[in-house]
$ cat work.txt   # compact mmCIF, C-alpha atoms and all ligand atoms
# COMPACT_ATOMS: atom_id res chain seq x y z
CA MET Q 8 9.89 9.99 15.78
CA LEU Q 9 10.39 7.64 18.73
CA ASN Q 10 9.61 10.60 20.98
CA TYR Q 11 6.25 10.75 19.26
CA VAL Q 12 5.58 7.12 20.17
CA ALA Q 13 6.64 7.68 23.77
CA MET Q 14 4.29 10.65 24.09
CA ASN Q 15 1.36 8.39 23.30
CA LYS Q 16 1.91 5.56 25.73
CA GLU Q 17 1.01 5.62 29.35
CA ASP Q 18 3.10 2.53 30.04
CA ASN Q 19 4.79 0.00 27.79
CA SER Q 20 2.07 -2.69 27.82
CA ILE Q 21 -0.36 -3.11 24.96
CA PHE Q 22 -3.34 -5.43 24.39
CA ILE Q 23 -3.99 -6.49 20.82
CA LEU Q 24 -7.43 -7.13 19.33
CA GLY Q 25 -7.95 -9.22 16.23
CA VAL Q 26 -6.26 -12.59 16.06
CA GLY Q 27 -5.56 -13.40 12.41
CA HIS Q 28 -2.94 -13.51 9.69
CA ASN Q 29 -1.79 -9.98 10.36
CA THR Q 30 -1.55 -10.20 14.13
CA ILE Q 31 2.05 -11.33 14.32
CA VAL Q 32 2.98 -8.56 11.88
CA TYR Q 33 1.41 -6.04 14.24
CA VAL Q 34 3.16 -7.71 17.21
CA ASP Q 35 6.50 -7.19 15.44
CA LEU Q 36 5.70 -3.50 15.03
CA ALA Q 37 4.57 -3.03 18.63
CA LYS Q 38 7.72 -4.72 19.94
CA ALA Q 39 9.93 -2.63 17.66
CA CYS Q 40 8.25 0.44 19.17
CA GLY Q 41 9.14 -0.74 22.68
CA TYR Q 42 5.84 -2.28 23.78
CA HIS Q 43 5.31 -5.40 25.84
CA ILE Q 44 2.43 -7.54 24.50
CA ALA Q 45 0.11 -7.98 27.49
CA GLY Q 46 -2.35 -10.31 25.72
CA LEU Q 47 -4.66 -10.84 22.76
CA TYR Q 48 -8.44 -10.47 22.43
CA HIS Q 49 -10.53 -12.44 19.94
CA PHE Q 50 -14.18 -12.10 18.90
CA ASN Q 51 -14.70 -15.89 19.26
CA ASP Q 52 -14.94 -17.25 22.82
CA GLU Q 53 -13.88 -20.72 21.62
CA ARG Q 54 -10.39 -19.34 20.95
CA VAL Q 55 -9.88 -17.98 24.47
CA GLY Q 56 -7.01 -19.80 26.20
CA GLU Q 57 -5.08 -20.49 22.98
CA VAL Q 58 -1.50 -19.27 22.80
CA LEU Q 59 -0.20 -17.77 19.55
CA HIS Q 60 3.52 -17.19 19.12
CA GLY Q 61 3.76 -17.19 22.92
CA PHE Q 62 0.96 -14.65 23.40
CA PRO Q 63 -2.24 -15.84 25.09
CA ILE Q 64 -5.78 -15.05 23.92
CA ILE Q 65 -7.00 -13.77 27.26
CA ASP Q 66 -10.63 -12.94 26.54
CA THR Q 67 -13.24 -11.96 23.96
CA ASN Q 68 -13.81 -8.49 22.55
CA ASP Q 69 -17.35 -8.59 23.94
CA ASN Q 70 -16.12 -9.20 27.48
CA LEU Q 71 -13.52 -6.46 27.09
CA PHE Q 72 -16.24 -3.95 26.23
CA LYS Q 73 -18.31 -5.01 29.24
CA LYS Q 74 -15.62 -3.50 31.49
CA GLU Q 75 -16.68 -0.20 33.03
CA THR Q 76 -13.59 1.61 31.80
CA LEU Q 77 -10.50 0.98 29.71
CA ALA Q 78 -8.81 4.15 30.91
CA GLY Q 79 -5.06 3.93 31.26
CA LEU Q 80 -4.77 0.87 28.99
CA ASN Q 81 -3.15 0.70 25.56
CA PHE Q 82 -4.75 -1.19 22.69
CA GLY Q 83 -3.64 -2.10 19.19
CA LEU Q 84 -5.87 -3.26 16.33
CA SER Q 85 -4.17 -5.82 14.13
CA MET Q 86 -6.90 -6.57 11.58
CA GLY Q 87 -6.63 -5.48 7.95
CA ASP Q 88 -10.40 -4.89 7.57
CA ASN Q 89 -10.85 -1.12 7.72
CA LYS Q 90 -14.46 -1.12 8.88
CA ILE Q 91 -13.88 -3.58 11.73
CA ARG Q 92 -10.80 -1.61 12.81
CA ALA Q 93 -12.76 1.66 12.82
CA ASP Q 94 -15.66 0.19 14.80
CA LEU Q 95 -13.41 -1.35 17.46
CA ALA Q 96 -11.37 1.85 17.71
CA GLN Q 97 -14.53 3.82 18.40
CA LYS Q 98 -15.57 1.41 21.16
CA ILE Q 99 -12.14 1.56 22.78
CA ARG Q 100 -12.16 5.37 22.75
CA GLU Q 101 -15.71 5.48 24.14
CA LYS Q 102 -14.44 3.47 27.13
CA GLY Q 103 -11.45 5.76 27.60
CA GLY Q 104 -8.84 3.36 26.21
CA ASN Q 105 -5.70 4.59 24.49
CA LEU Q 106 -4.82 3.69 20.89
CA PRO Q 107 -1.19 4.64 20.52
CA THR Q 108 0.29 5.49 17.16
CA LEU Q 109 3.10 3.07 16.35
CA ILE Q 110 5.86 4.26 14.05
CA HIS Q 111 8.57 1.72 13.30
CA PRO Q 112 12.04 3.13 14.03
CA ALA Q 113 13.02 2.35 10.42
CA ALA Q 114 10.12 4.35 8.94
CA VAL Q 115 11.01 7.78 7.60
CA VAL Q 116 8.38 10.23 8.79
CA SER Q 117 8.70 13.94 8.21
CA GLN Q 118 8.57 16.18 11.24
CA TYR Q 119 6.09 18.21 9.17
CA ALA Q 120 3.63 15.33 8.79
CA LYS Q 121 0.47 15.30 10.91
CA ILE Q 122 -0.47 11.90 12.27
CA GLY Q 123 -3.58 10.93 14.23
CA ASN Q 124 -4.12 8.32 16.94
CA GLY Q 125 -4.12 4.59 16.45
CA VAL Q 126 -2.06 4.85 13.27
CA ALA Q 127 0.43 2.08 12.39
CA ILE Q 128 3.43 2.94 10.21
CA TYR Q 129 5.63 -0.01 9.30
CA ALA Q 130 9.35 -0.32 8.53
CA ASN Q 131 10.69 1.52 5.50
CA ALA Q 132 7.51 3.46 4.90
CA VAL Q 133 8.18 7.03 3.81
CA VAL Q 134 5.89 9.86 4.88
CA GLN Q 135 6.92 13.18 3.41
CA ALA Q 136 6.29 16.70 4.67
CA ASN Q 137 2.75 18.07 4.96
CA VAL Q 138 1.17 14.63 4.80
CA ASN Q 139 -1.93 14.21 6.97
CA ILE Q 140 -2.80 10.70 8.22
CA ASP Q 141 -6.08 10.43 10.11
CA ASN Q 142 -6.89 8.05 12.99
CA ASP Q 143 -6.63 4.26 12.75
CA SER Q 144 -4.98 4.06 9.34
CA VAL Q 145 -2.25 1.60 8.44
CA ILE Q 146 0.76 2.48 6.29
CA SER Q 147 2.47 -0.78 5.47
CA HIS Q 148 6.10 -1.61 4.72
CA ASN Q 149 7.75 0.39 1.94
CA ALA Q 150 4.63 2.41 1.21
CA CYS Q 151 5.34 6.03 0.22
CA LEU Q 152 3.12 9.00 0.91
CA ALA Q 153 4.35 11.96 -1.08
CA HIS Q 154 4.17 15.50 0.24
CA ASN Q 155 0.78 17.12 0.78
CA SER Q 156 -1.11 13.88 0.30
CA SER Q 157 -3.70 12.88 2.87
CA ILE Q 158 -5.02 9.59 4.18
CA GLY Q 159 -8.47 9.60 5.76
CA LYS Q 160 -9.69 7.67 8.78
CA ALA Q 161 -9.29 3.90 8.90
CA CYS Q 162 -7.53 3.39 5.58
CA TYR Q 163 -5.08 0.64 4.71
CA VAL Q 164 -2.16 1.42 2.40
CA ALA Q 165 -0.54 -1.93 1.55
CA PHE Q 166 3.16 -2.43 1.06
CA GLN Q 167 4.97 -0.64 -1.76
CA ALA Q 168 1.94 1.46 -2.65
CA ILE Q 169 2.69 5.04 -3.67
CA VAL Q 170 0.32 7.88 -2.93
CA GLY Q 171 1.34 10.82 -5.10
CA ALA Q 172 1.67 14.42 -3.98
CA TYR Q 173 -1.61 16.20 -3.18
CA VAL Q 174 -3.70 13.04 -3.64
CA ASN Q 175 -6.53 13.03 -1.11
CA VAL Q 176 -7.43 9.50 0.01
CA ARG Q 177 -10.73 9.65 1.90
CA GLN Q 178 -11.84 7.43 4.76
CA ASN Q 179 -12.09 3.65 4.72
CA VAL Q 180 -10.09 3.19 1.50
CA PHE Q 181 -7.97 0.10 0.84
CA VAL Q 182 -4.95 0.72 -1.41
CA GLY Q 183 -3.58 -2.62 -2.66
CA GLN Q 184 0.05 -3.69 -2.86
CA GLY Q 185 2.20 -1.66 -5.20
CA ALA Q 186 -0.63 0.57 -6.45
CA ILE Q 187 0.34 4.01 -7.70
CA LEU Q 188 -1.97 6.99 -7.25
CA ILE Q 189 -0.58 9.55 -9.64
CA SER Q 190 -0.27 13.11 -8.46
CA ALA Q 191 -1.95 15.81 -10.58
CA LYS Q 192 -4.00 13.04 -12.25
CA ALA Q 193 -5.95 11.64 -9.30
CA ASP Q 194 -6.99 14.42 -6.90
CA TYR Q 195 -9.11 12.19 -4.68
CA ILE Q 196 -9.92 8.58 -3.94
CA SER Q 197 -13.39 8.55 -2.44
CA GLU Q 198 -14.53 6.78 0.71
CA ASN Q 199 -15.02 3.02 0.93
CA SER Q 200 -13.13 2.33 -2.28
CA ILE Q 201 -10.63 -0.42 -3.05
CA ILE Q 202 -7.62 0.09 -5.31
CA GLY Q 203 -6.43 -3.21 -6.78
CA ALA Q 204 -2.87 -4.42 -6.31
CA GLY Q 205 -0.48 -2.98 -8.89
CA SER Q 206 -3.05 -0.53 -10.25
CA VAL Q 207 -2.03 2.77 -11.79
CA VAL Q 208 -4.70 5.30 -10.88
CA THR Q 209 -4.87 8.20 -13.33
CA LYS Q 210 -8.33 9.57 -12.48
CA ASN Q 211 -10.41 10.41 -9.43
CA VAL Q 212 -12.18 7.43 -7.87
CA GLU Q 213 -15.83 7.84 -6.83
CA PRO Q 214 -17.24 6.36 -3.57
CA ASN Q 215 -17.65 2.60 -3.10
CA SER Q 216 -15.66 1.71 -6.21
CA VAL Q 217 -13.31 -1.19 -6.81
CA VAL Q 218 -10.76 -0.15 -9.42
CA ALA Q 219 -7.93 -2.17 -10.92
CA GLY Q 220 -5.46 -2.30 -13.79
CA ASN Q 221 -3.20 0.10 -15.67
CA PRO Q 222 -4.81 2.50 -16.21
CA ALA Q 223 -7.20 1.64 -13.40
CA ARG Q 224 -10.86 1.11 -14.36
CA VAL Q 225 -13.90 0.45 -12.19
CA ILE Q 226 -14.37 -3.33 -12.07
CA ARG Q 227 -17.33 -3.26 -9.68
CA LYS Q 228 -19.17 -1.15 -7.11
CA ILE Q 229 -19.49 -2.02 -3.43
CA ASN Q 230 -23.03 -2.12 -2.03
CA GLU Q 231 -22.92 -0.39 1.32
C1 LIG Q 301 -8.96 -5.54 -6.90
C2 LIG Q 301 -9.37 -6.76 -6.11
C3 LIG Q 301 -9.91 -6.32 -4.73
C4 LIG Q 301 -10.46 -7.41 -6.90
O1 LIG Q 301 -10.89 -8.57 -6.30
P1 LIG Q 301 -12.29 -9.21 -6.79
O2 LIG Q 301 -13.40 -8.24 -6.61
O3 LIG Q 301 -12.37 -10.54 -6.10
O4 LIG Q 301 -12.14 -9.33 -8.35
P2 LIG Q 301 -11.79 -10.62 -9.26
O5 LIG Q 301 -10.60 -11.32 -8.74
O6 LIG Q 301 -13.07 -11.39 -9.42
O7 LIG Q 301 -11.39 -9.95 -10.64
C5 LIG Q 301 -12.32 -9.28 -11.48
C6 LIG Q 301 -11.57 -8.90 -12.74
O8 LIG Q 301 -10.60 -7.88 -12.41
C7 LIG Q 301 -9.26 -8.33 -12.71
N1 LIG Q 301 -8.39 -7.92 -11.61
C8 LIG Q 301 -8.54 -8.21 -10.30
N2 LIG Q 301 -7.58 -7.61 -9.58
C9 LIG Q 301 -6.82 -6.95 -10.46
C10 LIG Q 301 -5.66 -6.16 -10.31
N3 LIG Q 301 -5.14 -5.90 -9.10
N4 LIG Q 301 -5.13 -5.60 -11.41
C11 LIG Q 301 -5.66 -5.83 -12.63
N5 LIG Q 301 -6.77 -6.57 -12.84
C12 LIG Q 301 -7.32 -7.13 -11.76
C13 LIG Q 301 -9.37 -9.86 -12.80
O9 LIG Q 301 -8.37 -10.38 -13.63
C14 LIG Q 301 -10.76 -10.03 -13.36
O10 LIG Q 301 -10.72 -9.78 -14.74
P3 LIG Q 301 -11.65 -10.61 -15.78
O11 LIG Q 301 -13.07 -10.29 -15.39
O12 LIG Q 301 -11.23 -10.08 -17.11
O13 LIG Q 301 -11.30 -12.06 -15.56
C15 LIG Q 301 -8.16 -7.72 -5.85
O14 LIG Q 301 -7.84 -8.46 -7.02
C16 LIG Q 301 -6.91 -7.01 -5.37
O15 LIG Q 301 -6.09 -6.51 -6.16
N6 LIG Q 301 -6.76 -6.94 -4.02
C17 LIG Q 301 -5.66 -6.28 -3.37
C18 LIG Q 301 -4.88 -7.29 -2.53
C19 LIG Q 301 -3.81 -6.62 -1.73
O16 LIG Q 301 -3.11 -5.73 -2.17
N7 LIG Q 301 -3.69 -7.04 -0.49
C20 LIG Q 301 -2.74 -6.47 0.43
C21 LIG Q 301 -2.73 -7.25 1.67
S1 LIG Q 301 -1.12 -7.61 2.19

$ encode --input "work.txt" --output "structure tokens"
Amino acid sequence: MLNYVAMNKEDNSIFILGVGHNTIVYVDLAKACGYHIAGLYHFNDERVGEVLHGFPIIDTNDNLFKKETLAGLNFGLSMGDNKIRADLAQKIREKGGNLPTLIHPAAVVSQYAKIGNGVAIYANAVVQANVNIDNDSVISHNACLAHNSSIGKACYVAFQAIVGAYVNVRQNVFVGQGAILISAKADYISENSIIGAGSVVTKNVEPNSVVAGNPARVIRKINE
């Protein structure tokens, strides 16, 4: 799969947006995929000039998007928030920037999986055959996507979560740590939903739902 990574990068430098708890985790992934971290961007101009783990915050997101073009530049989005990640990805693409897919060399990704742009797949994740992962989704450490499952745009599958065979996870879904989406029980997890950590999902999940527990029940709805 390293060939796949190489196909997506125009050079080995990458700028990272989103300076927070997850940034250094994303830095680890980018470096493992052979990238040089060229600098960080933050939404807050008061943070510009700070250095985090040796990487400088070089400018704000707003100033980045004032540039005429981002063509030829690689960007990575380190934030866990699906909506923010999707919005920034759209802006980067509109300006011609490149969002490479990063697949850790220790991830196991089937040659028969289909993976979009701007996807991050962390170490020890398993992606079986006929899985479809859409743009800007994150598959964290040790997560497993069983065959014929699908992950929509801008989802986050936290570590050790299991998405069963044929389960269709729609866009902007957050799957918490260690959750299990059971194949042949849950056919779909609808858009904008959150699956609580450790939940066992035995039924379809309707849009904008927060579900949790074993078996998972709706604990609240999200007002969009
Ligand atoms: C599901 C979740 C989003 C709910 O958060 P919330 O809306 O703030 O809900 P609350 O913490 O107020 O909990 C509401 C109720 O649901 C229960 N609950 C919350 N999360 C639960 C879970 N994962 N499993 C079982 N029950 C859960 C609470 O105990 C509480 O029950 P009560 O009303 O009987 O006291 C959150 O608990 C969660 O699991 N987040 C995932 C975190 C994660 O995986 N992060 C990965 C990043 S590395």

$ closest_atom_pairs --input "work.txt" --of "chain Q" --to "ligand LIG 301 (chain Q)" --cutoff "12 Å" --atoms "all atoms listed in the file" --output "tab-separated table"
residue	atom	partner	partner_atom	distance
Q:His28	CA	Q:LIG301	S1	9.7
Q:Asn29	CA	Q:LIG301	S1	8.5
Q:Val32	CA	Q:LIG301	S1	10.6
Q:Met86	CA	Q:LIG301	C21	10.8
Q:Gly87	CA	Q:LIG301	C21	7.6
Q:Asp88	CA	Q:LIG301	C21	10.0
Q:Asn89	CA	Q:LIG301	C21	11.8
Q:Val145	CA	Q:LIG301	C21	11.2
Q:Ile146	CA	Q:LIG301	S1	11.1
Q:Ser147	CA	Q:LIG301	S1	8.4
Q:His148	CA	Q:LIG301	S1	9.7
Q:Asn149	CA	Q:LIG301	S1	11.9
Q:Ala150	CA	Q:LIG301	C20	11.6
Q:Tyr163	CA	Q:LIG301	C20	8.6
Q:Val164	CA	Q:LIG301	C20	8.2
Q:Ala165	CA	Q:LIG301	C20	5.2
Q:Phe166	CA	Q:LIG301	S1	6.8
Q:Gln167	CA	Q:LIG301	O16	9.6
Q:Ala168	CA	Q:LIG301	O16	8.8
Q:Val180	CA	Q:LIG301	C3	11.4
Q:Phe181	CA	Q:LIG301	C17	8.0
Q:Val182	CA	Q:LIG301	O16	6.8
Q:Gly183	CA	Q:LIG301	O16	3.2
Q:Gln184	CA	Q:LIG301	O16	3.8
Q:Gly185	CA	Q:LIG301	O16	7.3
Q:Ala186	CA	Q:LIG301	O16	8.0
Q:Ile187	CA	Q:LIG301	N3	11.4
Q:Ser200	CA	Q:LIG301	C3	9.5
Q:Ile201	CA	Q:LIG301	C3	6.2
Q:Ile202	CA	Q:LIG301	C1	6.0
Q:Gly203	CA	Q:LIG301	O15	3.4
Q:Ala204	CA	Q:LIG301	O15	3.8
Q:Gly205	CA	Q:LIG301	N3	5.5
Q:Ser206	CA	Q:LIG301	N4	5.6
Q:Val207	CA	Q:LIG301	N4	8.9
Q:Val208	CA	Q:LIG301	N4	10.9
Q:Asn215	CA	Q:LIG301	C3	11.9
Q:Ser216	CA	Q:LIG301	C1	9.9
Q:Val217	CA	Q:LIG301	C1	6.2
Q:Val218	CA	Q:LIG301	C1	6.2
Q:Ala219	CA	Q:LIG301	N4	4.5
Q:Gly220	CA	Q:LIG301	C11	3.7
Q:Asn221	CA	Q:LIG301	C11	7.1
Q:Pro222	CA	Q:LIG301	C11	9.1
Q:Ala223	CA	Q:LIG301	C11	7.7
Q:Arg224	CA	Q:LIG301	N5	8.8
Q:Val225	CA	Q:LIG301	O8	9.0
Q:Ile226	CA	Q:LIG301	O8	5.9
Q:Arg227	CA	Q:LIG301	O2	7.0
Q:Lys228	CA	Q:LIG301	O2	9.2
Q:Ile229	CA	Q:LIG301	O2	9.3

$ closest_residue --input "work.txt" --among "Q:Ala127, Q:Ile65, Q:Leu59, Q:Val138" --to "Tyr33 in chain Q" --atoms "only C-alpha atoms"
Q:Ala127

$ atom_distance --input "work.txt" --atom1 "CA of Ser156 in chain Q" --atom2 "CA of Asn139 in chain Q"
6.7 Å

$ residues_around --input "work.txt" --residues "range 77-80 of chain Q" --least-positions-apart "6" --cutoff "12 Å" --atoms "all atoms listed in the file" --output "ChimeraX atom specification"
/Q:15-23,44-46,70-71,98-107

$ atom_distance --input "work.txt" --atom1 "CA of Leu47 in chain Q" --atom2 "CA of Ser85 in chain Q"
10.0 Å

$ residues_around --input "work.txt" --residues "Asp194 in chain Q" --least-positions-apart "3" --cutoff "6 Å" --atoms "only C-alpha atoms" --output "NGL selection string"
:Q and (174-175 or 211)
